[in-house]
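Undergrad: Before I ask anything, here is the structure I am working with.
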Amino acid sequence: MGSKEKSRFTFTRRLVGAAALAASMAIGIGLPVASAQAEVPESNDPIRISLHDWTGSVFTSTLAARILGEMGYNVELIPIDAAAVNSALESGDITFQTEAWTSVHPEVAGLIAEGRYTNVGETGLVGMDRWWYPAYVEDLCPGLPDYTALNDCASVFATAETGDKGRLLLYSADWGGNDDERVASLGLNYQIVRVGSEAALLAEVQSAVQRQAPILAWLYEPHWAPVKFDGRYVELPPYTEECAASGRYDCEKPSGPILKLAWNGMADKWPAAFAAMQKFTLSNREYGEVIQQVDLDGVPMDDVVDAWMAENTDRWSAWIAQ
Amino acid sequence: MRYRGIALLTALALVALAMQRGLAEGHWALTWPQGWQLPFADWLNAVFRFLSEFEFAGSGTGRDLTRLAVPLFEMPTDLLSNLFFEGFTSGFGANKQVLFPPLSWLALTVGVVLSCYRVGGVKLATLGAATAAYLLVFGLWSSAMLTMAQLAVAVPIGLVVGLLMGVWVWRSPRIRPGVLLALDQLQTIPIFAYLVPVVVFFGLGVAPAIIVTVIFALPTMVRTTVVGLEEAARTTGELAVSIGCNKRQALWKVVLPTAQDMLRVGLNQVVMLSFSSVIIASLVGAGGLGYDVLVALRRLAIGRGLEAGFAITLMAITLNSFLQHYSTGRVAGLAALGSRQFLALIGALVLGLTLLSLVLPWLAVFPEQLVLSTGPFFDNVIEWVNLNLYSITDGVKTALLIYLFLPLKHLLTSLPWLVVVLAVTIAGYLVGGVKRGLFLGGLTLLIAASGLWHKAMLTVYLCAVAVSFSALVGIPTGIWAGRSRNVARIVMPIIDTLQTLPAFVYLIPAIMLFGTGDFPSFVAIVAYSISPAIRYAELGIRTVPEHLREAGVQFGCRPFQRLWMIELPAAAPQILLGLNRTIMLGLSMLIVTALIGTDDLGQETVTALAKVDAGRGLAAGFAVAFIAIIADRLVGGLAERKSQPQRAGMTAAGAD
């Protein structure tokens, strides 16, 4: 754990070591690393990649920085709140964001459409969010996971604040999701309680699981919580476009691709870096494995990134090849 | 006067009741009609866009101009972070080469410990060594150095600018009310409200982080300086003039030194507040320990969050004690060396050890085998409490919610706006005359017109409960600590810890035990805002002039009479300042309560931030600031009226 803290911001220092490693590997597979640097980098101004506070983002951002570093770019990782990144991408204070979750950031699509920043493409990761409950709740509410059982079990999920209604614990309003409409049109006798941050929501879930108390909360994937806590998702009517278009939202939430976003000027200023980042893709499976290793097994992030770079040399070499 | 006021307010309460009974729901006198709403957010957006995009005669847009200032903050910080932990390099990415290594951890530790020893003797040196060891052993060195590099720039700016502004404001009584008002706003407006403008004007990274930190820490320094100088000028009276000082000499040689106790409290607050904004600074690109805390908590790694959180506290306490000792100008250790020789010794040691680190790798990077972690220890403690004591914590929470929080919440949110505006106006008139009444009533009216009424009343409810609690517990504690050194020795470190330990660190466990909602928010506000209530009351009582106390003894006062009739009135200015700070800090915690989950103005600023709507965030921010002004002027005014005549009499007697 210690080395992770040390190197998160000083990863560039480690690049010397990583570069030596990469160079030796590059010689092995005959990749012309040195010659590629003749025209690249086009500019020595820093490419600023946003770094958010969830583990997956630390992984993808560090990885992107490592890969651009291999190309000889000056890369800075900028820790920034995920809510503040929108304006920073627009102004160019952040050049590149590895993860924009369209499933929970409904404003992203609009901002892309307005031309405020550039959509670099999908990461290959897909975000999915659902209503979740711990497995032991099924003893108290045997009809689950079907949503029609929820009303019979409202008292199971009720708390002092919600009275005789069940409590549905959700993320803050700016995460979207249209759950107010969903609860109303499905006729559920539940009161929505919103928390202000993910840490607060997970704290409630963990506390309930420790006490084996009933809880109904919004969780999403890929994430460590559904891996760590044994539980299931409530089954709602399947998603259809017309259910969303009607404004009733009486169905599942759609899965949302996770996008890569860039400042509008990136493609002109660092074309090779932009091209490499267009090709940069991962799968839900490998992303999930990384989260599990870091968050649940306590492997330092640096070791995880090193291992990924070593195991996937072919992939990232192809991304940075011009 | 008092009875007329009570009668008026009682009548108003009856009117409110009658209105709620008699008027239909949605009547204009109960809820502000939508059609009357003033589009403050749009107006603020227009001003903001004008300022950032207007071309100033060929020199670029407003945004370009403010960005010229960025290197002023970035260059010294970059220099320090290169020195502390990054090293000096050339080239980028794969072509990077190290020109000069960063200072070895041992070199920095030795430097810190020796400096502490010289300034504060063995005790301070032990504290310095313990802090360095803590950072190294828990693997927090690099993060801590990054945080330190930024605060090493932010704290001096806050101190110097705060002191100079304080002197300036003190010297110009005409602008004083206006400036102090504006400064209070700066501290209470939730940072989320001006994050978008700060990012637009100053970009991301070090510069905005330092600016946000200074904005947060500065107001306390200015206010403390002004009060300190006022007190000092009163006690020194004509002394400076009578010994032939001109105005400048009088200030620097007589008044400022006399005010040094108060200035040291200001110093303490600047350090503490700067460290407490570390988490928020990491939202705009600062990195360091604040970011470590956020990442750890999002993973629910409570132990890790606590480790990083306590690192912030330890560094704040060490730096504060160092500066407190240093400001006395005394030399406690290594007195044989002159200050130049001492600096040369430190320089030689630091350089020598760093050069040695080129050969000995364990000097460059602290050996990983020695790095520890409390690991799941704290998580297990929390789990144990959760499993065994939950029924108690839940019982306490539920009782408080049902009998105190929810009724008050219902009462405040259901009051007709018209009644509240009138009540504030009358209360303002009673404590400060017609002008103050109209001013405060006007501010209340603006909040109603902004369409944020409901959220504003939720804010008032939560803060009123928490701040009252802080004052009721904090001021007596401070008085007790002021009369007993032993009590002070226990209480002061606790409140330093409470003020700098990032609230989020203890909030996650609090949420696990109490659930989300108003109760953990209440805990957060109390924990943070109780500190100035205690600190300033302690200072006030401790610095009551000895001759006043003796006079009391000679008149045959019993201890309680002495406290009530002499010490409290004499300490009133400090206690009032503490109350003012408590209200301001309580409101400034809205930013944290928004992260727990509330529906108040703090949450509004977070939502606006996500939507990149600067105007909407600022509108909510100003609403918070207006609440702060109203509370301060009402409570402060009430207390002023009570204590003014006695205090004037006392100090006049003292000066004679």
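Numbering starts fresh at 1 for the residues of each chain in the structure tokens, the chains themselves are lettered A, B, ... in the order given, and ligands are numbered from 1 as they appear.
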May I have all residues of stretch 79-291 of chain A that DSSP, computed from the backbone, assigns to strand (DSSP E or B), given as JSON, numbers by chain?
TA: {"A": [79, 80, 96, 97, 98, 99, 100, 101, 118, 119, 120, 121, 122, 123, 124, 125, 126, 127, 128, 129, 130, 131, 132, 133, 134, 146, 166, 167, 168, 169, 170, 190, 191, 192, 193, 194, 217, 218, 219, 220, 221, 231, 232, 233, 235, 256, 257, 258, 259, 260, 261, 262]}
Undergrad: Pull out every residue of chain B sitting within 6 Å of chain A, counting only C-alpha atoms, and send them as a list of chain:residue names.
TA: B:Phe92, B:Gly93, B:Ala94, B:Gly139, B:Ser142, B:Gly203, B:Leu283, B:Val284, B:Gly285, B:Gly287, B:Val295, B:Leu297, B:Arg298, B:Leu387, B:Met512, B:Ala594, B:Leu595, B:Ile596, B:Gly597, B:Thr607, B:Ala610, B:Val612
Undergrad: Could you write out the selected residues, including all heavy atoms, as a compact mmCIF listing (two decimals), in the first residue's frame?
TA:
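Written file, result-v6.txt:
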# COMPACT_ATOMS: atom_id res chain seq x y z
N PHE B 92 10.81 14.34 -20.96
CA PHE B 92 9.50 13.88 -20.53
C PHE B 92 9.31 12.41 -20.82
O PHE B 92 9.97 11.85 -21.70
CB PHE B 92 8.40 14.66 -21.22
CG PHE B 92 8.51 16.13 -20.96
CD1 PHE B 92 8.90 16.99 -21.96
CD2 PHE B 92 8.26 16.63 -19.70
CE1 PHE B 92 9.01 18.34 -21.71
CE2 PHE B 92 8.38 17.97 -19.44
CZ PHE B 92 8.76 18.84 -20.46
N GLY B 93 8.37 11.82 -20.13
CA GLY B 93 7.99 10.45 -20.40
C GLY B 93 9.19 9.53 -20.42
O GLY B 93 10.00 9.51 -19.48
N ALA B 94 9.32 8.82 -21.52
CA ALA B 94 10.38 7.83 -21.61
C ALA B 94 11.76 8.47 -21.70
O ALA B 94 12.77 7.81 -21.47
CB ALA B 94 10.13 6.93 -22.82
N GLY B 139 3.96 5.24 5.16
CA GLY B 139 4.07 5.34 3.71
C GLY B 139 3.36 6.54 3.13
O GLY B 139 2.81 6.49 2.03
N SER B 142 5.53 10.95 0.37
CA SER B 142 5.41 11.74 -0.86
C SER B 142 4.16 12.61 -0.85
O SER B 142 4.21 13.79 -1.18
CB SER B 142 5.36 10.84 -2.08
OG SER B 142 6.53 10.12 -2.19
N GLY B 203 -7.46 27.98 -13.74
CA GLY B 203 -7.10 26.64 -14.20
C GLY B 203 -7.15 25.63 -13.08
O GLY B 203 -7.84 25.82 -12.07
N LEU B 283 -9.96 18.66 -4.67
CA LEU B 283 -11.02 18.59 -5.68
C LEU B 283 -10.65 19.39 -6.92
O LEU B 283 -11.24 19.22 -7.97
CB LEU B 283 -12.34 19.13 -5.11
CG LEU B 283 -12.94 18.39 -3.92
CD1 LEU B 283 -14.22 19.06 -3.47
CD2 LEU B 283 -13.21 16.94 -4.26
N VAL B 284 -9.71 20.32 -6.81
CA VAL B 284 -9.32 21.13 -7.96
C VAL B 284 -7.88 20.85 -8.36
O VAL B 284 -7.21 21.71 -8.92
CB VAL B 284 -9.50 22.64 -7.71
CG1 VAL B 284 -10.97 23.00 -7.76
CG2 VAL B 284 -8.88 23.07 -6.42
N GLY B 285 -7.39 19.66 -8.07
CA GLY B 285 -6.12 19.28 -8.66
C GLY B 285 -4.93 19.36 -7.74
O GLY B 285 -3.79 19.32 -8.20
N GLY B 287 -3.97 17.21 -5.21
CA GLY B 287 -3.32 15.96 -4.86
C GLY B 287 -2.87 15.95 -3.41
O GLY B 287 -3.36 16.71 -2.60
N VAL B 295 -9.69 8.91 -1.76
CA VAL B 295 -9.61 7.59 -2.40
C VAL B 295 -9.85 6.49 -1.37
O VAL B 295 -10.63 5.56 -1.61
CB VAL B 295 -8.23 7.40 -3.07
CG1 VAL B 295 -8.08 5.97 -3.56
CG2 VAL B 295 -8.09 8.35 -4.24
N LEU B 297 -11.50 6.59 1.41
CA LEU B 297 -12.86 6.51 1.92
C LEU B 297 -13.83 5.98 0.88
O LEU B 297 -14.79 5.30 1.20
CB LEU B 297 -13.31 7.87 2.44
CG LEU B 297 -12.54 8.27 3.69
CD1 LEU B 297 -12.97 9.62 4.17
CD2 LEU B 297 -12.73 7.22 4.78
N ARG B 298 -13.57 6.28 -0.38
CA ARG B 298 -14.45 5.75 -1.40
C ARG B 298 -14.34 4.24 -1.47
O ARG B 298 -15.25 3.55 -1.91
CB ARG B 298 -14.10 6.37 -2.76
CG ARG B 298 -15.17 6.12 -3.77
CD ARG B 298 -15.35 7.26 -4.72
NE ARG B 298 -16.43 6.95 -5.62
CZ ARG B 298 -16.87 7.78 -6.54
NH1 ARG B 298 -16.34 8.98 -6.67
NH2 ARG B 298 -17.84 7.44 -7.35
N LEU B 387 -21.73 -3.99 15.45
CA LEU B 387 -22.45 -5.21 15.78
C LEU B 387 -22.98 -5.17 17.21
O LEU B 387 -24.06 -5.68 17.49
CB LEU B 387 -21.53 -6.42 15.61
CG LEU B 387 -21.26 -6.80 14.16
CD1 LEU B 387 -20.25 -7.93 14.08
CD2 LEU B 387 -22.56 -7.21 13.49
N MET B 512 -21.81 4.90 9.39
CA MET B 512 -22.05 3.48 9.61
C MET B 512 -22.84 3.26 10.89
O MET B 512 -23.64 2.33 10.98
CB MET B 512 -20.73 2.73 9.65
CG MET B 512 -20.02 2.77 8.31
SD MET B 512 -18.55 1.75 8.24
CE MET B 512 -19.27 0.14 8.30
N ALA B 594 -23.20 18.34 2.63
CA ALA B 594 -23.74 18.02 1.31
C ALA B 594 -23.21 16.68 0.83
O ALA B 594 -23.91 15.95 0.13
CB ALA B 594 -23.35 19.11 0.31
N LEU B 595 -21.99 16.35 1.22
CA LEU B 595 -21.43 15.06 0.80
C LEU B 595 -22.04 13.90 1.58
O LEU B 595 -22.01 12.77 1.14
CB LEU B 595 -19.91 15.06 0.97
CG LEU B 595 -19.17 16.04 0.05
CD1 LEU B 595 -17.69 16.05 0.34
CD2 LEU B 595 -19.41 15.68 -1.41
N ILE B 596 -22.58 14.17 2.77
CA ILE B 596 -23.28 13.11 3.50
C ILE B 596 -24.65 12.90 2.89
O ILE B 596 -25.12 11.77 2.77
CB ILE B 596 -23.47 13.49 4.98
CG1 ILE B 596 -22.14 13.79 5.63
CG2 ILE B 596 -24.19 12.38 5.72
CD1 ILE B 596 -22.29 14.33 7.02
N GLY B 597 -25.29 13.98 2.51
CA GLY B 597 -26.62 13.84 1.95
C GLY B 597 -27.61 14.72 2.65
O GLY B 597 -28.20 14.34 3.66
N THR B 607 -24.83 20.38 -6.94
CA THR B 607 -25.56 20.11 -8.18
C THR B 607 -25.15 21.12 -9.25
O THR B 607 -24.92 20.75 -10.41
CB THR B 607 -27.08 20.21 -7.92
OG1 THR B 607 -27.37 19.45 -6.76
CG2 THR B 607 -27.86 19.66 -9.09
N ALA B 610 -21.86 20.24 -10.81
CA ALA B 610 -21.93 19.15 -11.78
C ALA B 610 -22.48 19.64 -13.12
O ALA B 610 -22.11 19.15 -14.17
CB ALA B 610 -22.80 18.02 -11.25
N VAL B 612 -22.03 22.57 -14.36
CA VAL B 612 -21.18 23.67 -14.82
C VAL B 612 -21.99 24.96 -14.89
O VAL B 612 -21.90 25.73 -15.84
CB VAL B 612 -20.55 23.39 -16.19
CG1 VAL B 612 -19.27 24.23 -16.35
CG2 VAL B 612 -20.22 21.94 -16.39
Undergrad: Need the shell around stretch 492-499 of chain B: protein/DNA/RNA residues with any atom at most 6 Å away, counting only C-alpha atoms. Skip same-chain ones fewer than 6 positions apart. Format as an NGL selection string?
TA: :B and (313 or 528 or 531)
Undergrad: Could you write out the selected residues, including N, CA, C and O atoms, as a compact mmCIF listing (two decimals), in the first residue's frame?
TA:
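What ended up in out38.txt:
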# COMPACT_ATOMS: atom_id res chain seq x y z
N THR B 313 -3.49 16.14 10.54
CA THR B 313 -3.57 16.73 11.87
C THR B 313 -2.20 16.91 12.51
O THR B 313 -1.87 17.97 13.03
N TYR B 528 -16.61 20.61 14.12
CA TYR B 528 -15.77 21.60 13.47
C TYR B 528 -15.93 22.98 14.09
O TYR B 528 -14.97 23.72 14.26
N SER B 531 -14.61 24.47 17.97
CA SER B 531 -13.23 24.87 18.25
C SER B 531 -13.06 26.36 18.54
O SER B 531 -12.50 26.73 19.58
Undergrad: Can you write out as CSV which residues of stretch 144-256 of chain A fall within 9 Å of stretch 97-104 of chain A, alongside each residue's closest atom pair and its distance in Å to one decimal, counting only C-alpha atoms and ordering rows by chain and ascending residue number?
TA:
residue,atom,partner,partner_atom,distance
A:Asp174,CA,A:Val104,CA,8.1
A:Trp175,CA,A:Val104,CA,4.7
A:Gly176,CA,A:Val104,CA,5.8
A:Gly177,CA,A:Val104,CA,6.8
A:Lys253,CA,A:Ser103,CA,8.3
A:Pro254,CA,A:Ser103,CA,7.5
A:Ser255,CA,A:Ser103,CA,6.4
A:Gly256,CA,A:Ser103,CA,4.5
Undergrad: Write a file of the just-selected residues containing N, CA and C atoms, as a PDB file, in the first residue's frame.
TA:
ATOM      1  N   ASP A 174     -27.702  14.571  -8.848  1.00  0.00           N
ATOM      2  CA  ASP A 174     -27.004  14.848 -10.098  1.00  0.00           C
ATOM      3  C   ASP A 174     -26.475  13.588 -10.778  1.00  0.00           C
ATOM      4  N   TRP A 175     -26.670  12.414 -10.161  1.00  0.00           N
ATOM      5  CA  TRP A 175     -26.308  11.168 -10.838  1.00  0.00           C
ATOM      6  C   TRP A 175     -27.424  10.694 -11.781  1.00  0.00           C
ATOM      7  N   GLY A 176     -28.525  11.411 -11.816  1.00  0.00           N
ATOM      8  CA  GLY A 176     -29.597  11.048 -12.735  1.00  0.00           C
ATOM      9  C   GLY A 176     -30.257   9.731 -12.383  1.00  0.00           C
ATOM     10  N   GLY A 177     -30.845   9.085 -13.379  1.00  0.00           N
ATOM     11  CA  GLY A 177     -31.433   7.767 -13.168  1.00  0.00           C
ATOM     12  C   GLY A 177     -32.956   7.730 -13.220  1.00  0.00           C
ATOM     13  N   LYS A 253     -32.953   0.513 -15.872  1.00  0.00           N
ATOM     14  CA  LYS A 253     -32.154   1.573 -16.479  1.00  0.00           C
ATOM     15  C   LYS A 253     -31.325   0.973 -17.600  1.00  0.00           C
ATOM     16  N   PRO A 254     -31.086   1.717 -18.674  1.00  0.00           N
ATOM     17  CA  PRO A 254     -30.242   1.180 -19.733  1.00  0.00           C
ATOM     18  C   PRO A 254     -28.790   1.121 -19.267  1.00  0.00           C
ATOM     19  N   SER A 255     -28.016   0.167 -19.790  1.00  0.00           N
ATOM     20  CA  SER A 255     -26.582   0.173 -19.516  1.00  0.00           C
ATOM     21  C   SER A 255     -25.979   1.335 -20.287  1.00  0.00           C
ATOM     22  N   GLY A 256     -24.945   1.932 -19.753  1.00  0.00           N
ATOM     23  CA  GLY A 256     -24.362   3.084 -20.435  1.00  0.00           C
ATOM     24  C   GLY A 256     -22.894   2.858 -20.734  1.00  0.00           C
TER      25      GLY A 256
END
Undergrad: Pick the closest to B:Ser274 from B:Gly309, B:Ala152, B:Leu355, B:Gly329: which is it, counting only C-alpha atoms?
TA: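 Of B:Gly309, B:Ala152, B:Leu355, B:Gly329, the one nearest B:Ser274 is B:Ala152, counting only C-alpha atoms.
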Undergrad: Separation of atom CA of A:Thr313 and atom CA of A:Thr281, in Å?
TA: 13.7 Å
Undergrad: Considering only C-alpha atoms, return as a ChimeraX atom specification whatever protein or nucleic-acid residues lie within 9 Å of A:Asn178, sequence-local ones (same chain, fewer than 4 positions apart) excluded.
TA: /A:182-183,247-249,253
Undergrad: Could you dump the residues just selected with C-alpha atoms as a PDB file, in the first residue's frame?
TA:
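Result written to result-v8.pdb:
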ATOM      1  CA  ARG A 182     -39.738   4.914 -11.782  1.00  0.00           C
ATOM      2  CA  VAL A 183     -40.934   4.517  -8.199  1.00  0.00           C
ATOM      3  CA  GLY A 247     -41.284   9.542 -19.397  1.00  0.00           C
ATOM      4  CA  ARG A 248     -42.668   6.762 -17.199  1.00  0.00           C
ATOM      5  CA  TYR A 249     -39.382   4.925 -16.774  1.00  0.00           C
ATOM      6  CA  LYS A 253     -32.154   1.573 -16.479  1.00  0.00           C
TER       7      LYS A 253
END
Undergrad: I'd like the contact shell of A:Pro134 - 10 Å cut-off, only C-alpha atoms, skipping same-chain residues fewer than 4 positions apart - returned as a PDB file with C-alpha atoms, in the first residue's frame.
TA:
ATOM      1  CA  GLU A 138     -34.670 -12.975   0.627  1.00  0.00           C
ATOM      2  CA  VAL A 205     -24.465  -0.699   2.855  1.00  0.00           C
ATOM      3  CA  ALA A 208     -26.230  -3.014   7.140  1.00  0.00           C
ATOM      4  CA  VAL A 209     -24.433  -6.079   5.805  1.00  0.00           C
ATOM      5  CA  GLN A 212     -27.443  -8.494   8.552  1.00  0.00           C
ATOM      6  CA  ALA A 213     -30.037  -5.718   8.401  1.00  0.00           C
ATOM      7  CA  PRO A 214     -32.265  -5.214   5.353  1.00  0.00           C
ATOM      8  CA  ILE A 215     -31.219  -2.512   2.911  1.00  0.00           C
ATOM      9  CA  LEU A 216     -32.265  -1.555  -0.596  1.00  0.00           C
ATOM     10  CA  ALA A 217     -29.696   0.606  -2.348  1.00  0.00           C
ATOM     11  CA  PRO A 226     -21.255  -6.170  -5.634  1.00  0.00           C
ATOM     12  CA  PHE A 229     -21.120  -8.165  -0.608  1.00  0.00           C
ATOM     13  CA  ASP A 230     -23.258 -11.189  -1.454  1.00  0.00           C
ATOM     14  CA  GLY A 231     -26.433  -9.801  -2.946  1.00  0.00           C
ATOM     15  CA  ARG A 232     -28.786  -9.547  -5.937  1.00  0.00           C
ATOM     16  CA  TYR A 233     -30.412  -6.919  -8.107  1.00  0.00           C
TER      17      TYR A 233
END
Undergrad: Would you list the contacts of B:Arg264 as a list in words, taking every protein, DNA or RNA residue within 10 Å and counting only C-alpha atoms, but skipping same-chain residues closer than 2 positions in sequence?
TA: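 Returned residues: Met221, Thr224, Thr225, Gly228, Ala259, Gln260, Asp261, Met262, Gly266, Leu267, Asn268, Gln269, Val270, Asn320, Leu323, Gln324, His325, Ser327 and Thr328 of chain B.
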Undergrad: Could you check how far atom CA of B:Ile629 sits from atom CA of B:Leu539, in Å to one decimal?
TA: 24.5 Å
Undergrad: Counting only C-alpha atoms, what is within 10 Å of stretch 118-134 of chain B, bar same-chain residues fewer than 4 positions away, as a PyMOL selection string?
TA: chain B and resi 105-106+108-114+138-141+144+307+310-319+321-335+337+339+342+371-372
Undergrad: Would you mind exporting C-alpha atoms of the selected residues as an mmCIF file, in the first residue's frame?
TA:
data_model
loop_
_atom_site.group_PDB
_atom_site.id
_atom_site.type_symbol
_atom_site.label_atom_id
_atom_site.label_comp_id
_atom_site.auth_asym_id
_atom_site.auth_seq_id
_atom_site.Cartn_x
_atom_site.Cartn_y
_atom_site.Cartn_z
ATOM 1 C CA TRP B 105 13.862 11.715 3.709
ATOM 2 C CA LEU B 106 16.520 11.480 6.371
ATOM 3 C CA LEU B 108 14.525 16.540 5.727
ATOM 4 C CA THR B 109 13.785 14.765 8.986
ATOM 5 C CA VAL B 110 17.113 15.795 10.501
ATOM 6 C CA GLY B 111 16.557 19.368 9.333
ATOM 7 C CA VAL B 112 13.076 19.495 10.851
ATOM 8 C CA VAL B 113 14.115 17.944 14.155
ATOM 9 C CA LEU B 114 17.126 20.250 14.591
ATOM 10 C CA PHE B 138 2.756 4.792 7.217
ATOM 11 C CA GLY B 139 4.071 5.335 3.706
ATOM 12 C CA LEU B 140 2.624 8.823 3.398
ATOM 13 C CA TRP B 141 5.874 10.691 2.788
ATOM 14 C CA ALA B 144 2.690 14.691 2.728
ATOM 15 C CA GLU B 307 -3.915 7.224 8.731
ATOM 16 C CA PHE B 310 -4.140 11.981 11.211
ATOM 17 C CA ALA B 311 -1.112 12.809 9.105
ATOM 18 C CA ILE B 312 -2.812 16.092 8.195
ATOM 19 C CA THR B 313 -3.574 16.729 11.874
ATOM 20 C CA LEU B 314 -0.059 15.908 13.053
ATOM 21 C CA MET B 315 1.537 18.142 10.451
ATOM 22 C CA ALA B 316 -0.811 20.986 11.359
ATOM 23 C CA ILE B 317 -0.108 20.647 15.073
ATOM 24 C CA THR B 318 3.650 20.449 14.534
ATOM 25 C CA LEU B 319 3.761 23.416 12.197
ATOM 26 C CA SER B 321 3.690 24.749 17.608
ATOM 27 C CA PHE B 322 6.808 25.482 15.626
ATOM 28 C CA LEU B 323 5.435 28.833 14.468
ATOM 29 C CA GLN B 324 4.051 29.660 17.923
ATOM 30 C CA HIS B 325 7.491 29.100 19.452
ATOM 31 C CA TYR B 326 9.267 30.791 16.588
ATOM 32 C CA SER B 327 7.085 33.898 16.879
ATOM 33 C CA THR B 328 8.346 34.473 20.410
ATOM 34 C CA GLY B 329 11.857 34.904 19.009
ATOM 35 C CA ARG B 330 13.459 32.851 21.774
ATOM 36 C CA VAL B 331 16.197 30.295 21.165
ATOM 37 C CA ALA B 332 15.670 27.148 23.201
ATOM 38 C CA GLY B 333 18.445 24.861 22.057
ATOM 39 C CA LEU B 334 21.852 24.925 20.330
ATOM 40 C CA ALA B 335 22.136 28.449 21.659
ATOM 41 C CA LEU B 337 25.394 28.753 17.392
ATOM 42 C CA SER B 339 21.513 31.871 13.410
ATOM 43 C CA PHE B 342 22.857 27.167 12.533
ATOM 44 C CA VAL B 371 6.407 0.687 6.066
ATOM 45 C CA LEU B 372 3.477 -0.312 8.259
#
Undergrad: Check stretch 297-410 of chain B with DSSP on the backbone and list each residue it calls helix (DSSP H, G or I), as a count of residues only.
TA: 91
Undergrad: Which distance in Å separates atom CA of A:Thr162 and atom CA of B:Ala466, to one decimal?
TA: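 Interatomic distance here is 23.0 Å.
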